[in-house]
>>> print(open('structure.cif').read())   # mmCIF, C-alpha atoms
data_data
loop_
_atom_site.label_atom_id
_atom_site.label_comp_id
_atom_site.auth_asym_id
_atom_site.auth_seq_id
_atom_site.Cartn_x
_atom_site.Cartn_y
_atom_site.Cartn_z
CA MET A 1 -46.72 -34.11 -16.34
CA MET A 2 -45.46 -34.36 -12.80
CA PRO A 3 -43.73 -31.30 -11.41
CA PHE A 4 -40.22 -31.98 -10.14
CA GLU A 5 -40.47 -30.08 -6.88
CA ASN A 6 -41.49 -31.85 -3.67
CA GLY A 7 -39.98 -35.09 -4.91
CA LEU A 8 -39.89 -36.62 -1.48
CA GLN A 9 -41.41 -35.98 1.86
CA MET A 10 -40.25 -37.48 5.08
CA ALA A 11 -40.67 -37.44 8.79
CA THR A 12 -37.09 -36.60 9.69
CA MET A 13 -33.94 -35.75 7.82
CA ARG A 14 -30.41 -36.86 8.62
CA GLY A 15 -26.99 -37.09 7.05
CA ALA A 16 -24.97 -35.03 4.59
CA PRO A 17 -25.45 -34.83 0.82
CA GLU A 18 -23.23 -36.81 -1.48
CA ARG A 19 -22.97 -36.41 -5.22
CA VAL A 20 -22.63 -39.20 -7.71
CA ALA A 21 -20.92 -39.11 -11.07
CA SER A 22 -23.07 -39.29 -14.20
CA GLU A 23 -21.61 -42.65 -15.26
CA SER A 24 -22.04 -44.30 -11.92
CA SER A 25 -25.07 -46.19 -10.73
CA VAL A 26 -26.49 -46.60 -7.26
CA ARG A 27 -28.34 -49.40 -5.56
CA ARG A 28 -31.21 -49.09 -3.11
CA ARG A 29 -30.84 -50.83 0.23
CA ALA A 30 -32.31 -54.31 0.15
CA ASP A 31 -33.93 -54.04 3.58
CA VAL A 32 -35.95 -50.90 2.79
CA ARG A 33 -39.64 -51.65 2.27
CA VAL A 34 -41.38 -50.04 -0.65
CA HIS A 35 -45.08 -49.95 -1.47
CA ARG A 36 -46.03 -48.73 -4.93
CA LEU A 37 -49.24 -46.70 -4.73
CA ASP A 38 -50.36 -45.90 -8.27
CA ASP A 39 -47.24 -44.20 -9.68
CA GLU A 40 -45.97 -43.02 -6.28
CA GLY A 41 -44.25 -44.79 -3.43
CA LEU A 42 -44.40 -45.21 0.33
CA VAL A 43 -40.99 -46.19 1.64
CA TYR A 44 -40.24 -47.48 5.12
CA ASP A 45 -36.71 -47.67 6.50
CA PRO A 46 -36.57 -50.32 9.25
CA ARG A 47 -33.21 -49.02 10.53
CA SER A 48 -34.38 -45.51 11.28
CA SER A 49 -38.15 -46.21 11.40
CA ASP A 50 -38.59 -43.25 9.05
CA THR A 51 -41.31 -43.26 6.42
CA HIS A 52 -40.91 -41.43 3.12
CA HIS A 53 -43.27 -40.46 0.36
CA LEU A 54 -41.91 -40.59 -3.18
CA ASN A 55 -43.82 -38.70 -5.83
CA ALA A 56 -44.02 -40.05 -9.38
CA THR A 57 -40.62 -38.81 -10.54
CA ALA A 58 -38.86 -39.87 -7.35
CA MET A 59 -40.47 -43.31 -7.65
CA PHE A 60 -39.39 -43.48 -11.30
CA ILE A 61 -35.79 -42.86 -10.25
CA TRP A 62 -36.01 -45.13 -7.20
CA SER A 63 -37.13 -48.05 -9.32
CA ARG A 64 -33.95 -47.61 -11.40
CA CYS A 65 -31.60 -47.52 -8.40
CA ASP A 66 -30.72 -51.15 -9.06
CA GLY A 67 -26.98 -50.89 -9.63
CA LEU A 68 -27.54 -51.30 -13.38
CA HIS A 69 -28.90 -47.95 -14.55
CA THR A 70 -26.39 -45.11 -14.71
CA CYS A 71 -27.52 -41.61 -13.80
CA HIS A 72 -27.34 -40.73 -17.50
CA ALA A 73 -29.59 -43.64 -18.39
CA MET A 74 -32.06 -42.61 -15.67
CA ALA A 75 -32.06 -39.04 -16.95
CA ASP A 76 -32.66 -40.20 -20.53
CA ALA A 77 -35.58 -42.34 -19.43
CA LEU A 78 -36.96 -39.56 -17.25
CA ALA A 79 -36.74 -37.03 -20.09
CA GLY A 80 -38.62 -39.42 -22.37
CA GLN A 81 -41.29 -40.26 -19.83
CA PHE A 82 -41.97 -36.76 -18.49
CA ASP A 83 -41.30 -34.66 -21.58
CA VAL A 84 -38.56 -32.44 -20.12
CA SER A 85 -35.13 -31.49 -21.42
CA GLU A 86 -32.27 -33.90 -20.78
CA ARG A 87 -30.45 -31.24 -18.81
CA ALA A 88 -33.44 -30.67 -16.49
CA ALA A 89 -33.91 -34.43 -16.17
CA PHE A 90 -30.24 -34.98 -15.28
CA GLU A 91 -30.31 -32.23 -12.65
CA HIS A 92 -33.42 -33.77 -11.17
CA VAL A 93 -31.90 -37.26 -11.08
CA ASP A 94 -28.79 -35.81 -9.43
CA ARG A 95 -30.83 -33.97 -6.80
CA THR A 96 -33.09 -36.92 -6.10
CA ILE A 97 -30.23 -39.38 -5.68
CA GLU A 98 -28.55 -36.89 -3.37
CA GLU A 99 -31.78 -36.92 -1.32
CA PHE A 100 -31.85 -40.71 -1.27
CA HIS A 101 -28.25 -40.64 0.02
CA LYS A 102 -29.07 -38.05 2.66
CA ARG A 103 -31.87 -40.23 3.88
CA ARG A 104 -29.59 -43.26 3.83
CA LEU A 105 -31.85 -45.26 1.58
CA LEU A 106 -29.07 -46.39 -0.76
CA SER A 107 -26.33 -48.95 -0.36
CA GLU A 108 -22.95 -47.48 0.48
CA ASP A 109 -21.32 -48.97 -2.62
CA VAL A 110 -21.49 -46.82 -5.75
CA VAL A 111 -20.91 -48.74 -8.98
CA THR A 112 -18.72 -46.73 -11.37
CA THR A 113 -18.68 -47.51 -15.07
CA GLU A 114 -15.51 -46.74 -17.04
CA ALA A 115 -16.11 -44.10 -19.71
CA THR A 116 -15.57 -45.53 -23.19
CA GLY A 117 -14.73 -44.12 -26.65
CA MET B 1 -66.36 -43.35 52.00
CA ALA B 2 -68.61 -45.33 49.70
CA ARG B 3 -67.52 -48.79 48.60
CA ASP B 4 -65.89 -49.07 45.16
CA ARG B 5 -68.25 -50.28 42.53
CA THR B 6 -67.13 -51.57 39.15
CA GLN B 7 -69.17 -51.06 36.02
CA HIS B 8 -68.37 -52.91 32.81
CA PHE B 9 -69.03 -51.82 29.24
CA LYS B 10 -68.51 -53.24 25.79
CA ILE B 11 -68.26 -50.22 23.51
CA GLY B 12 -67.98 -51.64 20.03
CA VAL B 13 -64.84 -53.78 20.03
CA VAL B 14 -63.42 -52.12 23.16
CA SER B 15 -64.18 -53.49 26.64
CA THR B 16 -63.90 -50.95 29.44
CA GLY B 17 -64.54 -50.90 33.15
CA LEU B 18 -64.82 -48.10 35.68
CA GLU B 19 -64.14 -48.66 39.35
CA THR B 20 -64.70 -45.76 41.72
CA PRO B 21 -66.15 -44.87 45.08
CA LEU B 22 -67.40 -41.57 43.60
CA ARG B 23 -71.12 -42.09 43.11
CA GLY B 24 -71.55 -38.96 40.99
CA LEU B 25 -68.86 -40.14 38.58
CA SER B 26 -70.42 -43.62 38.35
CA ARG B 27 -73.80 -42.08 37.59
CA ARG B 28 -72.47 -39.68 34.95
CA TYR B 29 -70.34 -42.29 33.21
CA ARG B 30 -73.23 -44.73 33.17
CA ALA B 31 -75.46 -42.03 31.70
CA LEU B 32 -73.07 -41.86 28.74
CA TYR B 33 -72.64 -45.59 28.24
CA ALA B 34 -75.77 -47.29 29.65
CA ASP B 35 -76.49 -48.78 26.20
CA PHE B 36 -73.22 -50.69 26.35
CA GLU B 37 -73.27 -51.92 29.97
CA GLN B 38 -72.31 -55.54 30.61
CA PRO B 39 -72.83 -57.77 33.65
CA GLY B 40 -69.13 -58.65 33.92
CA PRO B 41 -65.69 -57.77 32.57
CA GLY B 42 -65.12 -58.27 28.86
CA ASP B 43 -62.15 -59.67 26.97
CA ARG B 44 -58.98 -57.58 27.62
CA GLU B 45 -60.95 -55.06 29.62
CA ILE B 46 -59.41 -51.63 30.03
CA LEU B 47 -60.09 -50.98 33.70
CA VAL B 48 -60.01 -47.38 34.87
CA ARG B 49 -59.94 -46.72 38.57
CA VAL B 50 -60.66 -43.27 39.95
CA ALA B 51 -60.04 -42.61 43.61
CA PRO B 52 -59.63 -39.44 45.65
CA SER B 53 -56.27 -38.97 47.32
CA ARG B 54 -55.11 -36.28 49.71
CA THR B 55 -51.51 -35.27 49.23
CA GLY B 56 -49.30 -32.21 49.64
CA LEU B 57 -48.86 -29.58 52.27
CA PHE B 58 -52.46 -28.42 52.27
CA LYS B 59 -53.93 -31.90 51.86
CA ARG B 60 -55.84 -30.83 48.84
CA THR B 61 -57.96 -33.59 47.32
CA ARG B 62 -56.83 -34.82 43.95
CA TYR B 63 -58.27 -37.67 41.93
CA GLU B 64 -56.02 -40.50 40.83
CA VAL B 65 -57.04 -41.82 37.44
CA SER B 66 -55.26 -45.12 36.86
CA VAL B 67 -55.70 -47.47 33.96
CA ASN B 68 -54.90 -51.18 34.24
CA GLY B 69 -52.98 -50.43 37.45
CA ARG B 70 -50.91 -47.45 36.26
CA VAL B 71 -51.69 -43.91 37.43
CA ARG B 72 -52.07 -41.77 34.31
CA PHE B 73 -53.61 -38.52 35.55
CA GLU B 74 -54.27 -36.66 38.77
CA PRO B 75 -56.87 -33.98 38.07
CA CYS B 76 -57.80 -31.53 40.82
CA TYR B 77 -61.46 -30.97 40.05
CA ARG B 78 -64.40 -33.30 39.78
CA ASP B 79 -65.47 -31.58 36.57
CA GLU B 80 -62.27 -32.84 34.93
CA ILE B 81 -62.62 -36.50 35.80
CA VAL B 82 -64.87 -37.79 32.99
CA PRO B 83 -62.65 -36.42 30.18
CA TYR B 84 -59.60 -37.86 31.95
CA VAL B 85 -61.28 -41.25 32.20
CA GLU B 86 -61.85 -41.09 28.44
CA TRP B 87 -58.24 -40.01 27.88
CA ALA B 88 -56.96 -42.83 30.08
CA ILE B 89 -58.87 -45.34 27.96
CA ASN B 90 -57.53 -43.76 24.76
CA TRP B 91 -53.98 -44.18 26.07
CA GLU B 92 -54.54 -47.85 26.71
CA VAL B 93 -56.39 -48.88 23.54
CA PRO B 94 -53.24 -49.04 21.35
CA ARG B 95 -51.44 -51.14 23.97
CA VAL B 96 -54.11 -53.76 24.57
CA MET B 97 -55.42 -54.06 21.00
CA PRO B 98 -52.37 -54.51 18.73
CA GLU B 99 -54.43 -56.41 16.17
CA TYR B 100 -55.80 -53.05 15.04
CA LEU B 101 -53.91 -50.29 13.30
CA GLN B 102 -55.16 -47.22 15.12
CA LEU B 103 -55.39 -43.82 13.52
CA HIS B 104 -56.31 -40.48 15.03
CA ALA B 105 -59.46 -40.08 12.98
CA SER B 106 -63.20 -40.05 13.28
CA SER B 107 -64.92 -42.87 11.45
CA MET B 108 -68.39 -43.36 10.02
CA GLU B 109 -70.27 -45.98 8.03
CA VAL B 110 -72.78 -45.39 5.27
CA ASP B 111 -74.43 -48.24 3.36
CA GLY B 112 -71.70 -50.65 4.40
CA VAL B 113 -68.83 -48.37 3.32
CA GLY B 114 -66.42 -46.88 5.84
CA VAL B 115 -65.30 -43.26 5.68
CA ILE B 116 -62.48 -42.01 7.87
CA PHE B 117 -61.64 -38.39 8.69
CA PRO B 118 -58.05 -38.32 9.97
CA GLY B 119 -56.68 -35.23 11.64
CA TYR B 120 -55.20 -33.70 14.72
CA SER B 121 -57.27 -32.11 17.44
CA GLY B 122 -59.04 -28.99 16.17
CA ALA B 123 -59.47 -30.21 12.58
CA GLY B 124 -63.23 -30.41 13.09
CA LYS B 125 -63.58 -34.20 13.23
CA SER B 126 -66.19 -34.38 15.98
CA THR B 127 -68.41 -31.61 14.61
CA LEU B 128 -68.33 -33.15 11.14
CA THR B 129 -69.11 -36.53 12.67
CA ALA B 130 -72.12 -35.07 14.49
CA GLY B 131 -73.32 -33.42 11.28
CA LEU B 132 -73.09 -36.61 9.25
CA LEU B 133 -74.72 -38.59 12.04
CA ALA B 134 -77.62 -36.12 12.00
CA SER B 135 -77.96 -36.61 8.25
CA GLY B 136 -78.35 -40.39 8.49
CA TRP B 137 -74.80 -41.74 8.47
CA ARG B 138 -73.88 -44.25 11.13
CA TYR B 139 -71.30 -43.65 13.79
CA LEU B 140 -68.17 -45.69 14.48
CA CYS B 141 -65.93 -43.37 16.52
CA ASP B 142 -64.96 -39.71 16.90
CA GLU B 143 -61.36 -40.30 17.90
CA PHE B 144 -60.10 -43.56 16.41
CA ALA B 145 -60.17 -45.45 13.17
CA LEU B 146 -59.63 -49.03 14.30
CA ILE B 147 -58.48 -51.00 11.25
CA HIS B 148 -57.96 -54.72 11.63
CA ALA B 149 -54.41 -55.37 10.46
CA ASP B 150 -55.23 -58.64 8.66
CA THR B 151 -58.69 -58.00 7.20
CA LEU B 152 -58.35 -54.18 6.76
CA VAL B 153 -61.91 -53.90 8.08
CA LEU B 154 -62.85 -50.76 10.02
CA HIS B 155 -64.43 -51.50 13.42
CA PRO B 156 -66.71 -49.49 15.71
CA TYR B 157 -65.71 -47.95 19.01
CA PRO B 158 -68.77 -45.73 19.48
CA ARG B 159 -67.66 -43.56 22.39
CA ALA B 160 -69.83 -40.62 23.31
CA ILE B 161 -68.90 -37.82 20.90
CA CYS B 162 -66.85 -35.17 22.69
CA VAL B 163 -67.96 -31.71 21.55
CA LYS B 164 -65.94 -28.63 22.48
CA LYS B 165 -67.77 -25.58 23.71
CA PRO B 166 -67.40 -23.48 20.52
CA SER B 167 -69.19 -26.27 18.63
CA HIS B 168 -72.10 -26.68 21.07
CA SER B 169 -74.28 -24.19 19.18
CA VAL B 170 -73.34 -25.84 15.86
CA VAL B 171 -74.42 -29.24 17.16
CA GLU B 172 -77.63 -27.80 18.56
CA SER B 173 -78.34 -26.14 15.20
CA LEU B 174 -78.38 -29.66 13.74
CA GLY B 175 -81.19 -30.58 16.13
CA LEU B 176 -78.89 -32.67 18.32
CA LYS B 177 -78.91 -32.47 22.08
CA LEU B 178 -75.87 -32.97 24.29
CA CYS B 179 -76.23 -35.52 27.07
CA GLY B 180 -77.51 -33.79 30.22
CA SER B 181 -76.64 -30.25 31.22
CA LYS B 182 -73.27 -31.16 32.67
CA ARG B 183 -70.18 -29.72 30.99
CA TYR B 184 -66.68 -30.93 31.74
CA LEU B 185 -63.28 -29.27 31.78
CA LYS B 186 -60.90 -31.01 29.35
CA GLY B 187 -57.45 -29.49 29.89
CA GLY B 188 -56.47 -26.89 27.29
CA LYS B 189 -59.51 -27.74 25.16
CA GLY B 190 -61.77 -25.95 27.63
CA PHE B 191 -65.28 -27.08 28.44
CA VAL B 192 -66.74 -30.02 26.55
CA GLY B 193 -70.09 -31.76 26.43
CA PHE B 194 -70.90 -35.27 25.24
CA LEU B 195 -73.30 -36.38 22.57
CA ARG B 196 -74.68 -39.90 22.83
CA PRO B 197 -75.08 -41.28 19.29
CA THR B 198 -77.99 -43.47 20.35
CA ASP B 199 -79.86 -40.30 21.44
CA VAL B 200 -79.83 -39.23 17.79
CA ARG B 201 -81.67 -42.33 16.61
CA ALA B 202 -81.96 -46.02 17.41
CA ASN B 203 -79.76 -47.38 14.60
CA ALA B 204 -77.02 -44.76 14.93
CA ILE B 205 -74.14 -47.19 15.47
CA GLY B 206 -72.41 -48.46 12.34
CA ARG B 207 -71.25 -51.97 11.51
CA SER B 208 -67.74 -53.14 10.75
CA CYS B 209 -66.99 -52.37 7.11
CA PRO B 210 -64.23 -51.87 4.54
CA ILE B 211 -62.84 -48.35 4.09
CA GLY B 212 -63.99 -46.64 0.91
CA HIS B 213 -62.94 -43.05 1.49
CA VAL B 214 -60.21 -41.22 3.40
CA ILE B 215 -60.97 -37.53 3.87
CA PHE B 216 -58.61 -35.16 5.71
CA PRO B 217 -60.74 -32.35 7.17
CA SER B 218 -59.48 -28.90 7.94
CA TYR B 219 -61.88 -26.34 9.34
CA VAL B 220 -61.57 -22.80 7.99
CA ALA B 221 -64.14 -20.37 9.40
CA GLY B 222 -66.30 -18.92 6.64
CA ALA B 223 -64.78 -21.08 3.89
CA THR B 224 -66.82 -22.57 1.08
CA PRO B 225 -66.58 -26.33 1.56
CA GLU B 226 -64.35 -27.98 -1.00
CA LEU B 227 -62.93 -31.45 -1.61
CA ILE B 228 -59.46 -31.62 -3.15
CA PRO B 229 -58.25 -35.00 -4.45
CA VAL B 230 -54.95 -36.22 -3.04
CA SER B 231 -52.86 -39.11 -4.31
CA ARG B 232 -52.88 -42.38 -2.42
CA GLY B 233 -49.16 -41.98 -1.78
CA GLU B 234 -49.64 -38.59 -0.15
CA ALA B 235 -52.66 -39.86 1.80
CA ALA B 236 -50.75 -42.88 3.13
CA PHE B 237 -47.85 -40.63 4.15
CA SER B 238 -50.25 -38.27 5.95
CA LEU B 239 -51.93 -41.21 7.67
CA HIS B 240 -48.64 -42.54 9.05
CA LYS B 241 -48.27 -39.24 10.93
CA VAL B 242 -51.60 -39.71 12.75
CA CYS B 243 -51.07 -43.37 13.54
CA PHE B 244 -51.02 -44.24 17.26
CA ASN B 245 -49.32 -47.62 16.89
CA LEU B 246 -47.35 -47.66 13.64
CA MET B 247 -44.57 -49.66 15.32
CA ASN B 248 -46.68 -51.61 17.81
CA CYS B 249 -49.29 -53.13 15.58
CA ASP B 250 -49.35 -56.89 14.91
CA ARG B 251 -48.33 -56.14 11.31
CA LEU B 252 -45.96 -53.41 10.20
CA GLY B 253 -48.07 -50.24 10.16
CA VAL B 254 -46.96 -49.00 6.73
CA ASP B 255 -47.87 -52.37 5.19
CA VAL B 256 -51.40 -52.06 6.59
CA LEU B 257 -51.69 -48.43 5.50
CA ALA B 258 -50.54 -49.20 1.97
CA ALA B 259 -52.90 -52.17 1.63
CA MET B 260 -55.84 -50.21 3.04
CA ILE B 261 -55.31 -47.09 0.94
CA ARG B 262 -55.31 -49.06 -2.34
CA GLY B 263 -59.05 -49.59 -1.97
CA ALA B 264 -59.92 -46.01 -0.99
CA THR B 265 -60.39 -42.65 -2.64
CA CYS B 266 -58.55 -39.83 -0.89
CA TYR B 267 -59.39 -36.15 -0.46
CA ARG B 268 -58.58 -33.09 1.58
CA LEU B 269 -61.68 -31.30 2.81
CA ILE B 270 -61.80 -27.58 3.47
CA SER B 271 -64.79 -27.46 5.77
CA GLY B 272 -66.87 -24.44 6.60
CA GLU B 273 -70.53 -24.16 7.54
CA ILE B 274 -71.55 -27.59 8.80
CA GLY B 275 -74.65 -28.12 6.63
CA ALA B 276 -72.86 -27.26 3.39
CA THR B 277 -69.80 -29.30 4.42
CA CYS B 278 -71.89 -32.40 5.11
CA ARG B 279 -73.64 -31.97 1.72
CA VAL B 280 -70.30 -31.92 -0.11
CA VAL B 281 -69.13 -35.07 1.66
CA ARG B 282 -72.45 -36.88 1.14
CA GLU B 283 -72.40 -36.05 -2.58
CA LEU B 284 -68.86 -37.44 -2.92
CA VAL B 285 -69.82 -40.73 -1.30
CA ALA B 286 -73.08 -40.95 -3.30
CA GLN B 287 -71.13 -40.44 -6.55
CA GLY B 288 -68.73 -43.21 -5.51
CA ARG B 289 -71.70 -45.51 -4.90
CA GLN B 290 -73.21 -44.70 -8.32
CA ARG B 291 -69.86 -45.37 -10.02
CA GLN B 292 -69.60 -48.70 -8.25
CA ALA B 293 -73.15 -49.63 -9.23
CA ARG B 294 -72.41 -48.80 -12.88
CA CYS B 295 -69.24 -50.92 -12.79
CA ALA B 296 -71.14 -53.82 -11.22
#
>>> encode(input="structure.cif", output="structure tokens")
Amino acid sequence: MMPFENGLQMATMRGAPERVASESSVRRRADVRVHRLDDEGLVYDPRSSDTHHLNATAMFIWSRCDGLHTCHAMADALAGQFDVSERAAFEHVDRTIEEFHKRRLLSEDVVTTEATG
Amino acid sequence: MARDRTQHFKIGVVSTGLETPLRGLSRRYRALYADFEQPGPGDREILVRVAPSRTGLFKRTRYEVSVNGRVRFEPCYRDEIVPYVEWAINWEVPRVMPEYLQLHASSMEVDGVGVIFPGYSGAGKSTLTAGLLASGWRYLCDEFALIHADTLVLHPYPRAICVKKPSHSVVESLGLKLCGSKRYLKGGKGFVGFLRPTDVRANAIGRSCPIGHVIFPSYVAGATPELIPVSRGEAAFSLHKVCFNLMNCDRLGVDVLAAMIRGATCYRLISGEIGATCRVVRELVAQGRQRQARCA
């Protein structure tokens, strides 16, 4: 199992954290280059020229930042894949997406899904 | 004043030239690179010119070290000039050779497989390189890994190996002899000597080859040598930090790094006593070869 700490590494850090609601989904920026290396990722941001390293869990979440997966859906998938509680998985998804935002790797638009039932 | 004389060298894939009226400098530089001397300038030659100049209130002699027409350094002492000439060339290599991704790493070849040892100054790259050279590996460079951006092949730039004073006795304990008795002052690094790889044996220079292993050395005095596997993602991220031309390579540097690292195994090396450290590294590479042979 992959530990959750040290999800990302990067050369520099900018921006302020933003939180996303559990029923919203986020989309990665289309111009960011990503290389999958085994189950990890090397991400290059052409705007800032920053390079980031995503560990296995961060890469798992990144690959679901497609505007379709809600944070809840990501957490469910993460809990199944890495054998952790849903609560721990959700907190990790929340923290990781916050990091992606801080590093300006996500599109500005957050897609919010209406709660049903 | 003696007339300027230009010497030309083709050191692996790097063409260099030295133009200077200082006969002693010409002689010493030629002593290091006589094996690579050429009758005329090579393709995209990096031309270093060293000339004395008298400036300032007391008209003290300084030495202008310029490379391809730009003054880079002005050392005060003759003993400093050779290291500054080498530094001046190092500055220029990334600019004139954008077809290579250039990492701060020593690089070696063994049985057609390239091994790179990336790290900042003081990580023990040169001493490890000398140790592996003494044990039969072939030398590519002690300062650069030159990786062709399209083919991902590692190329030789077999400069004389720069050995800092604290490592002189280590190198001598390997049965290697530094070139001449002259020692040079290299800024904050203190006194250095140079080891000519071709003095070690005739076939000491490696051939261009693909990279099989990436090993990040870190010298810890008295440590038991140990190799710790690192993921390719972590290795690629560490490599981008020691890249000289990530943004100025013909291809985007991270694309080259990612493509290159997919074919390599990656380790951190805690290095200690040189003999034991070289054994650990040799065993790793030998195991890789055996695995490959079994797969084939």
>>> atom_distance(input="structure.cif", atom1="atom CA of Phe36 of chain B", atom2="atom CA of Phe9 of chain B")
5.2 Å
>>> resolve_selection(input="structure.cif", expression="the PyMOL selection byres ((chain B and resi 129-140) around 8)", output="MDAnalysis selection string")
chainID B and resid 106:110 125:128 141:142 155:158 161 171 174:176 197 200 203:207 274:275 278
>>> resolve_selection(input="structure.cif", expression="the PyMOL selection byres ((chain A) within 7 of (chain B))", output="mmCIF file with C-alpha atoms, in the frame of the given file")
data_model
loop_
_atom_site.group_PDB
_atom_site.id
_atom_site.type_symbol
_atom_site.label_atom_id
_atom_site.label_comp_id
_atom_site.auth_asym_id
_atom_site.auth_seq_id
_atom_site.Cartn_x
_atom_site.Cartn_y
_atom_site.Cartn_z
ATOM 1 C CA HIS A 35 -45.080 -49.950 -1.470
ATOM 2 C CA LEU A 37 -49.240 -46.700 -4.730
ATOM 3 C CA GLU A 40 -45.970 -43.020 -6.280
ATOM 4 C CA GLY A 41 -44.250 -44.790 -3.430
ATOM 5 C CA LEU A 42 -44.400 -45.210 0.330
ATOM 6 C CA HIS A 53 -43.270 -40.460 0.360
#
>>> residues_near_point(input="structure.cif", point="(-38.3, -45.6, -5.5)", cutoff="10 Å", atoms="only C-alpha atoms", output="ChimeraX atom specification")
/A:8,28,33-36,39-43,52-65,100,105
>>> write_last_selection(input="structure.cif", atoms="C-alpha atoms", output="mmCIF file, keeping the file's coordinate frame")
data_model
loop_
_atom_site.group_PDB
_atom_site.id
_atom_site.type_symbol
_atom_site.label_atom_id
_atom_site.label_comp_id
_atom_site.auth_asym_id
_atom_site.auth_seq_id
_atom_site.Cartn_x
_atom_site.Cartn_y
_atom_site.Cartn_z
ATOM 1 C CA LEU A 8 -39.890 -36.620 -1.480
ATOM 2 C CA ARG A 28 -31.210 -49.090 -3.110
ATOM 3 C CA ARG A 33 -39.640 -51.650 2.270
ATOM 4 C CA VAL A 34 -41.380 -50.040 -0.650
ATOM 5 C CA HIS A 35 -45.080 -49.950 -1.470
ATOM 6 C CA ARG A 36 -46.030 -48.730 -4.930
ATOM 7 C CA ASP A 39 -47.240 -44.200 -9.680
ATOM 8 C CA GLU A 40 -45.970 -43.020 -6.280
ATOM 9 C CA GLY A 41 -44.250 -44.790 -3.430
ATOM 10 C CA LEU A 42 -44.400 -45.210 0.330
ATOM 11 C CA VAL A 43 -40.990 -46.190 1.640
ATOM 12 C CA HIS A 52 -40.910 -41.430 3.120
ATOM 13 C CA HIS A 53 -43.270 -40.460 0.360
ATOM 14 C CA LEU A 54 -41.910 -40.590 -3.180
ATOM 15 C CA ASN A 55 -43.820 -38.700 -5.830
ATOM 16 C CA ALA A 56 -44.020 -40.050 -9.380
ATOM 17 C CA THR A 57 -40.620 -38.810 -10.540
ATOM 18 C CA ALA A 58 -38.860 -39.870 -7.350
ATOM 19 C CA MET A 59 -40.470 -43.310 -7.650
ATOM 20 C CA PHE A 60 -39.390 -43.480 -11.300
ATOM 21 C CA ILE A 61 -35.790 -42.860 -10.250
ATOM 22 C CA TRP A 62 -36.010 -45.130 -7.200
ATOM 23 C CA SER A 63 -37.130 -48.050 -9.320
ATOM 24 C CA ARG A 64 -33.950 -47.610 -11.400
ATOM 25 C CA CYS A 65 -31.600 -47.520 -8.400
ATOM 26 C CA PHE A 100 -31.850 -40.710 -1.270
ATOM 27 C CA LEU A 105 -31.850 -45.260 1.580
#
>>> atom_distance(input="structure.cif", atom1="atom CA of Ile270 of chain B", atom2="atom CA of Tyr219 of chain B")
6.0 Å
>>> build_atoms(input="structure.cif", residues="segment 145-153 of chain B", atoms="N, CA, C and O atoms", output="PDB file, in the frame of the given file")
ATOM      1  N   ALA B 145     -59.783 -44.494  14.216  1.00  0.00           N
ATOM      2  CA  ALA B 145     -60.170 -45.450  13.170  1.00  0.00           C
ATOM      3  C   ALA B 145     -59.455 -46.726  13.566  1.00  0.00           C
ATOM      4  O   ALA B 145     -58.217 -46.757  13.611  1.00  0.00           O
ATOM      5  N   LEU B 146     -60.219 -47.743  13.910  1.00  0.00           N
ATOM      6  CA  LEU B 146     -59.630 -49.030  14.300  1.00  0.00           C
ATOM      7  C   LEU B 146     -59.693 -49.963  13.090  1.00  0.00           C
ATOM      8  O   LEU B 146     -60.770 -50.429  12.714  1.00  0.00           O
ATOM      9  N   ILE B 147     -58.539 -50.210  12.490  1.00  0.00           N
ATOM     10  CA  ILE B 147     -58.480 -51.000  11.250  1.00  0.00           C
ATOM     11  C   ILE B 147     -57.813 -52.329  11.552  1.00  0.00           C
ATOM     12  O   ILE B 147     -56.660 -52.358  11.999  1.00  0.00           O
ATOM     13  N   HIS B 148     -58.544 -53.414  11.328  1.00  0.00           N
ATOM     14  CA  HIS B 148     -57.960 -54.720  11.630  1.00  0.00           C
ATOM     15  C   HIS B 148     -56.784 -54.961  10.680  1.00  0.00           C
ATOM     16  O   HIS B 148     -56.923 -54.832   9.458  1.00  0.00           O
ATOM     17  N   ALA B 149     -55.646 -55.302  11.253  1.00  0.00           N
ATOM     18  CA  ALA B 149     -54.410 -55.370  10.460  1.00  0.00           C
ATOM     19  C   ALA B 149     -54.448 -56.470   9.404  1.00  0.00           C
ATOM     20  O   ALA B 149     -53.809 -56.339   8.365  1.00  0.00           O
ATOM     21  N   ASP B 150     -55.184 -57.540   9.641  1.00  0.00           N
ATOM     22  CA  ASP B 150     -55.230 -58.640   8.660  1.00  0.00           C
ATOM     23  C   ASP B 150     -56.342 -58.442   7.634  1.00  0.00           C
ATOM     24  O   ASP B 150     -56.139 -58.647   6.450  1.00  0.00           O
ATOM     25  N   THR B 151     -57.530 -58.065   8.115  1.00  0.00           N
ATOM     26  CA  THR B 151     -58.690 -58.000   7.200  1.00  0.00           C
ATOM     27  C   THR B 151     -58.866 -56.608   6.591  1.00  0.00           C
ATOM     28  O   THR B 151     -59.621 -56.457   5.637  1.00  0.00           O
ATOM     29  N   LEU B 152     -58.228 -55.589   7.179  1.00  0.00           N
ATOM     30  CA  LEU B 152     -58.350 -54.180   6.760  1.00  0.00           C
ATOM     31  C   LEU B 152     -59.757 -53.628   7.000  1.00  0.00           C
ATOM     32  O   LEU B 152     -60.128 -52.592   6.445  1.00  0.00           O
ATOM     33  N   VAL B 153     -60.549 -54.347   7.787  1.00  0.00           N
ATOM     34  CA  VAL B 153     -61.910 -53.900   8.080  1.00  0.00           C
ATOM     35  C   VAL B 153     -61.876 -52.863   9.205  1.00  0.00           C
ATOM     36  O   VAL B 153     -61.103 -52.974  10.156  1.00  0.00           O
TER      37      VAL B 153
END
